[in-house]
Amino acid sequence: MRNAFRWLAGATAAGAMLAGPPARSQVRALVLDDVRVVDGTGAAAIEHGRIVIQGDRIAQVGPRATVQAPAGAETVDLSGRTIVPGLIDLHFHIENDPKLALRQLSYGVTSFRDPGQWEEKFVELRQMIAADHLPGPRIFTAGPHIDGEHPAYPADSVVARDAEEARRQAEINVRNGATALKIYFRLPFASAKAVIDVCAAHHIPCTAHLELLDARELIAAGLHGIEHVTSLGISVVPRHEAEAYRQAVLADNDARRDGRYKLFARADLDGPEARALYAVLRERRPWLDPTLAVFERRADNPPEDVKPEMIPVLVAGFSKMKQLTRRAGLEGARLVMGGHSTVPYAARGEAPWRELELLVESGLSPLEAITAATGTAAGFLYRSNDLGTLGRGRQADLVVLRDNPLRDIAAIRSVERVMVGGRWVDVARFRQY
Ligand SMILES: [Zn+2]
């Protein structure tokens, strides 16, 4: 209806009467003109590009010299601006705050995955989106975490006491709409493997917060993705250190809070354990969602509840987490972006932007960081065919930036317009959310 109205609004009354209602393919096109286009595939930017949008899809992308604007198209001159695909936040926790998803939409996040939550928690957000007739943010869910006894987050988890229970909980999550499953770190290996097998049977990605499970074993067993760079911690230290950490966290989930920084501060990223991890990453190429922003610690502005003697350990540990993120990417892990909703050094809704900045601090180029948050992320959703990149036939999900993020990734914050499924988002309104 909306598209038909747009077409009619642009036609003369007489013309509309003669032509009758337009066929779907004749919906008035939109041309985004003379703009730098970063297409999300990792390819170099197109300077002075042109994007043609028909309905909810991208019809053409290329240099404006070679892409013809369809007759009668509405044209928006975006000279000096940059367009990137809509960002995909693969680690967004909705908790009890559906408005945060709409605020993040106004910041350029057109799709997200919540890695562990009951489907009921998305009802209010889905209603808000439907009330606005918006195609997004596109919501991907994983159902509650599948964890072992004494789960880390009881309210967001289902407990599996053995592999058979894990398999059943996994099947129920899929039946209830999960488009991925999330293994949590108290599951023993056999139970985690049961969840991986359910994912494989349903052709959906299986991701995990490992922490106490060995990434090398789980990836080799078919795990597709890893949440948090700290999931790699016990895989890069000698076995006796890994076991001490494991026992401490099994005894008390909160032991991981300082414990992971101590573990990382000591880790040797060129040691034999780390090299065994890299061999698996090269062979299996899992997705890695490092969620650096939630672990960020700074000496100049430490969290208030930290003991002074811990500050150098936290800073050294975080530095090593960034190094491992970069190294894992170079060795074959497919890096993606997860903002984690609430993080120490980002204002409300800005966690995805902070995560992109930290990926660049870790050594990725701005172009690589943007690719992580768009094209590569769509791959982790198994949706490369229609999300994450700006190409013919893809969903018209995109962000218009005032400044050039390839020069300075902080320009990802200079969002002027956001489009999802061919519709401009009311950015000013959702920034109040
Ligand atoms: Zn999380």
# chains A, B, ... in the order shown; residues from 1 in each chain; ligands from 1
$ residues_around --residues "stretch 223-231 of chain A" --least-positions-apart "5" --cutoff "8 Å" --atoms "only C-alpha atoms" --output "PyMOL selection string"
chain A and resi 91+196+205-213+215+218+260+286-292+321+324-325+380
$ select_by_dssp --residues "stretch 38-180 of chain A" --states "strand (DSSP E)" --output "ChimeraX atom specification"
/A:46-54,57-63,74-77,82-85,87-89,109-114,138-141,145-147,157-159
$ residues_around --residues "A:Ala328" --least-positions-apart "4" --cutoff "9 Å" --atoms "only C-alpha atoms" --output "PyMOL selection string"
chain A and resi 277-278+281-282+288+323-324+332-335
$ residues_near_ligand --ligand "ligand 1" --cutoff "7 Å" --atoms "only C-alpha atoms and all ligand atoms" --output "count of residues only"
4
$ closest_residue --among "A:Val427, A:Val237, A:Leu232, A:Leu187" --to "A:Leu250" --atoms "only C-alpha atoms"
A:Leu187
$ atom_distance --atom1 "atom CA of A:Leu314" --atom2 "atom CA of A:Pro188"
28.5 Å
$ closest_atom_pairs --of "stretch 170-218 of chain A" --to "stretch 382-392 of chain A" --cutoff "10 Å" --atoms "only C-alpha atoms" --output "JSON lines"
{"residue": "A:Thr179", "atom": "CA", "partner": "A:Tyr382", "partner_atom": "CA", "distance": 9.3}
{"residue": "A:Ala180", "atom": "CA", "partner": "A:Tyr382", "partner_atom": "CA", "distance": 9.7}
{"residue": "A:His203", "atom": "CA", "partner": "A:Tyr382", "partner_atom": "CA", "distance": 8.8}
{"residue": "A:Ile204", "atom": "CA", "partner": "A:Tyr382", "partner_atom": "CA", "distance": 7.4}
{"residue": "A:Pro205", "atom": "CA", "partner": "A:Tyr382", "partner_atom": "CA", "distance": 7.4}
$ decode --residues "stretch 156-172 of chain A" --atoms "N, CA, C and O atoms" --output "PDB file, in the first residue's frame"
ATOM      1  N   ASP A 156      17.575 -16.547  32.473  1.00  0.00           N
ATOM      2  CA  ASP A 156      17.671 -16.568  31.002  1.00  0.00           C
ATOM      3  C   ASP A 156      18.069 -17.948  30.482  1.00  0.00           C
ATOM      4  O   ASP A 156      18.496 -18.067  29.334  1.00  0.00           O
ATOM      5  N   SER A 157      17.960 -18.981  31.327  1.00  0.00           N
ATOM      6  CA  SER A 157      18.518 -20.289  30.958  1.00  0.00           C
ATOM      7  C   SER A 157      17.502 -21.406  31.103  1.00  0.00           C
ATOM      8  O   SER A 157      16.565 -21.307  31.899  1.00  0.00           O
ATOM      9  N   VAL A 158      17.736 -22.477  30.369  1.00  0.00           N
ATOM     10  CA  VAL A 158      17.164 -23.774  30.705  1.00  0.00           C
ATOM     11  C   VAL A 158      18.328 -24.666  31.112  1.00  0.00           C
ATOM     12  O   VAL A 158      19.425 -24.549  30.569  1.00  0.00           O
ATOM     13  N   VAL A 159      18.077 -25.523  32.094  1.00  0.00           N
ATOM     14  CA  VAL A 159      19.138 -26.387  32.625  1.00  0.00           C
ATOM     15  C   VAL A 159      19.014 -27.779  32.011  1.00  0.00           C
ATOM     16  O   VAL A 159      17.923 -28.344  31.961  1.00  0.00           O
ATOM     17  N   ALA A 160      20.140 -28.289  31.549  1.00  0.00           N
ATOM     18  CA  ALA A 160      20.193 -29.666  31.045  1.00  0.00           C
ATOM     19  C   ALA A 160      21.162 -30.441  31.922  1.00  0.00           C
ATOM     20  O   ALA A 160      22.307 -30.036  32.087  1.00  0.00           O
ATOM     21  N   ARG A 161      20.697 -31.550  32.487  1.00  0.00           N
ATOM     22  CA  ARG A 161      21.552 -32.326  33.396  1.00  0.00           C
ATOM     23  C   ARG A 161      22.362 -33.393  32.673  1.00  0.00           C
ATOM     24  O   ARG A 161      23.284 -33.954  33.245  1.00  0.00           O
ATOM     25  N   ASP A 162      21.972 -33.690  31.450  1.00  0.00           N
ATOM     26  CA  ASP A 162      22.753 -34.660  30.674  1.00  0.00           C
ATOM     27  C   ASP A 162      22.508 -34.393  29.191  1.00  0.00           C
ATOM     28  O   ASP A 162      21.739 -33.492  28.827  1.00  0.00           O
ATOM     29  N   ALA A 163      23.147 -35.195  28.354  1.00  0.00           N
ATOM     30  CA  ALA A 163      23.080 -34.940  26.908  1.00  0.00           C
ATOM     31  C   ALA A 163      21.659 -35.082  26.373  1.00  0.00           C
ATOM     32  O   ALA A 163      21.239 -34.334  25.486  1.00  0.00           O
ATOM     33  N   GLU A 164      20.898 -36.021  26.934  1.00  0.00           N
ATOM     34  CA  GLU A 164      19.531 -36.215  26.452  1.00  0.00           C
ATOM     35  C   GLU A 164      18.661 -34.999  26.789  1.00  0.00           C
ATOM     36  O   GLU A 164      17.873 -34.535  25.962  1.00  0.00           O
ATOM     37  N   GLU A 165      18.831 -34.469  27.999  1.00  0.00           N
ATOM     38  CA  GLU A 165      18.075 -33.254  28.335  1.00  0.00           C
ATOM     39  C   GLU A 165      18.509 -32.080  27.458  1.00  0.00           C
ATOM     40  O   GLU A 165      17.691 -31.254  27.057  1.00  0.00           O
ATOM     41  N   ALA A 166      19.794 -32.000  27.191  1.00  0.00           N
ATOM     42  CA  ALA A 166      20.295 -30.911  26.344  1.00  0.00           C
ATOM     43  C   ALA A 166      19.670 -30.996  24.953  1.00  0.00           C
ATOM     44  O   ALA A 166      19.232 -29.986  24.382  1.00  0.00           O
ATOM     45  N   ARG A 167      19.619 -32.208  24.415  1.00  0.00           N
ATOM     46  CA  ARG A 167      19.030 -32.391  23.082  1.00  0.00           C
ATOM     47  C   ARG A 167      17.553 -31.980  23.094  1.00  0.00           C
ATOM     48  O   ARG A 167      17.093 -31.277  22.198  1.00  0.00           O
ATOM     49  N   ARG A 168      16.821 -32.384  24.148  1.00  0.00           N
ATOM     50  CA  ARG A 168      15.394 -32.046  24.210  1.00  0.00           C
ATOM     51  C   ARG A 168      15.175 -30.543  24.362  1.00  0.00           C
ATOM     52  O   ARG A 168      14.314 -29.959  23.713  1.00  0.00           O
ATOM     53  N   GLN A 169      15.958 -29.904  25.226  1.00  0.00           N
ATOM     54  CA  GLN A 169      15.813 -28.447  25.393  1.00  0.00           C
ATOM     55  C   GLN A 169      16.127 -27.729  24.084  1.00  0.00           C
ATOM     56  O   GLN A 169      15.473 -26.743  23.721  1.00  0.00           O
ATOM     57  N   ALA A 170      17.127 -28.220  23.379  1.00  0.00           N
ATOM     58  CA  ALA A 170      17.500 -27.618  22.095  1.00  0.00           C
ATOM     59  C   ALA A 170      16.355 -27.740  21.095  1.00  0.00           C
ATOM     60  O   ALA A 170      15.999 -26.772  20.407  1.00  0.00           O
ATOM     61  N   GLU A 171      15.757 -28.918  21.033  1.00  0.00           N
ATOM     62  CA  GLU A 171      14.641 -29.134  20.099  1.00  0.00           C
ATOM     63  C   GLU A 171      13.468 -28.203  20.443  1.00  0.00           C
ATOM     64  O   GLU A 171      12.814 -27.664  19.553  1.00  0.00           O
ATOM     65  N   ILE A 172      13.208 -28.039  21.735  1.00  0.00           N
ATOM     66  CA  ILE A 172      12.095 -27.164  22.146  1.00  0.00           C
ATOM     67  C   ILE A 172      12.388 -25.717  21.746  1.00  0.00           C
ATOM     68  O   ILE A 172      11.523 -25.010  21.238  1.00  0.00           O
TER      69      ILE A 172
END
